[in-house]
Amino acid sequence: MMKEMESHRPRWAVLSISALAGVVGAALACGLMAGYTHAANGQATAASNMALQAQPSAQLLGSWTAPPFAKFKKNPIPESASSIASGHTIFTDNCEACHGTNGKGDGPTASCLNPPPANLTAAAVWKQGEGALFWKITNGHSPMPAFGQSLTKTQRWNVINYMHKNFDPAGH
Ligand code: HEC
């Protein structure tokens with residue numbers, strides 16, 4: 001069981017190994033383009049842009065809020081070992097490329113995204129309540145995709161159970 005989980009390779013890892021040169025090129029291009037946009041807007045210098053990119057997890061909770069009713073939705077799936085194990089696989093396959101292995105918002109694609117991926121280990125994320133997180137995962141918010149079609153409700157709660165157990169500073 002544990003062995004299987006450890007040997008599970010994320011899809012993006014295989015992709016990025018086979019396209020390493022492309023990824024490095026894209027990352028450079030992202031940095032240049034972001035710097036250009038900021039300079040054109042006159043809002044930030046290239047230097048502060050680079051500092052932002054080096055620390056995507058330093059991003060404060062943005063302006064994306066779930067509607068008030070969302071937080072009243074209760075998690076129907078107990079935080080069992082099997083739910084957490086299933087959520088781990090879902091996270092590795094669907095979320096890790098952006099949010100990073102440890103949920104800190106520092107996955108391999110993070111420096112290309114605006115806004116950067118949320119740091120899922122921040123207490124402010126978990127203060128919203130799991131219902132609000134479920135709503136966000138279901139609906140997405142560009143550049144984060146919506147998972148309402150590609151993951152079942154049970155899969156979305158399983159990934160929340162995995163993240164709660166491993167990322168919520170008050171959850172473990
Ligand atoms: C393409 C990159 C990408 C992928 C893939 C992705 N996310 Fe995100 N995620 C983001 C970005 C960017 C944000 C911040 C969006 C914003 O603030 O407007 C975000 C925000 C979130 C938030 C909200 C945090 C908060 O501040 O309230 C949660 C929860 C979340 N993601 C969970 C997930 C889960 C679970 C998965 C996988 C099922 C996933 N994400 C996949 C990029 C991604």
# chains A, B, ... in the order shown; residues from 1 in each chain; ligands from 1
call {"tool": "residues_near_ligand", "arguments": {"ligand": "ligand 1", "cutoff": "9 Å", "atoms": "only C-alpha atoms and all ligand atoms", "output": "ChimeraX atom specification"}}
result
/A:60-66,87,90-99,103,105,107,109-110,113-120,122,124-126,128,130,132-138,140-147,151,155-156,159-160,163
call {"tool": "select_by_dssp", "arguments": {"residues": "stretch 56-151 of chain A", "states": "helix (DSSP H, G or I)", "output": "PyMOL selection string"}}
result
chain A and resi 56-58+68-72+81-94+96-99+110-112+123-127+130-139
call {"tool": "closest_residue", "arguments": {"among": "A:Thr101, A:Ala123, A:Gly131, A:Ser82", "to": "A:Lys153", "atoms": "only C-alpha atoms"}}
result
A:Gly131
call {"tool": "decode", "arguments": {"residues": "stretch 87-105 of chain A", "atoms": "C-alpha atoms", "output": "mmCIF file, in the first residue's frame"}}
result
data_model
loop_
_atom_site.group_PDB
_atom_site.id
_atom_site.type_symbol
_atom_site.label_atom_id
_atom_site.label_comp_id
_atom_site.auth_asym_id
_atom_site.auth_seq_id
_atom_site.Cartn_x
_atom_site.Cartn_y
_atom_site.Cartn_z
ATOM 1 C CA GLY A 87 -7.024 12.435 -2.015
ATOM 2 C CA HIS A 88 -3.237 12.198 -2.141
ATOM 3 C CA THR A 89 -3.323 10.635 -5.619
ATOM 4 C CA ILE A 90 -5.881 13.219 -6.783
ATOM 5 C CA PHE A 91 -3.700 16.050 -5.474
ATOM 6 C CA THR A 92 -0.560 14.645 -7.143
ATOM 7 C CA ASP A 93 -2.307 14.283 -10.503
ATOM 8 C CA ASN A 94 -4.405 17.474 -10.558
ATOM 9 C CA CYS A 95 -3.047 20.094 -8.177
ATOM 10 C CA GLU A 96 0.647 19.592 -7.470
ATOM 11 C CA ALA A 97 1.953 21.143 -10.700
ATOM 12 C CA CYS A 98 0.689 24.516 -9.480
ATOM 13 C CA HIS A 99 0.358 24.247 -5.698
ATOM 14 C CA GLY A 100 3.549 22.195 -5.134
ATOM 15 C CA THR A 101 4.109 18.900 -3.314
ATOM 16 C CA ASN A 102 3.740 20.559 0.081
ATOM 17 C CA GLY A 103 0.880 22.843 -0.945
ATOM 18 C CA LYS A 104 2.927 26.014 -0.568
ATOM 19 C CA GLY A 105 2.023 27.400 -3.985
#
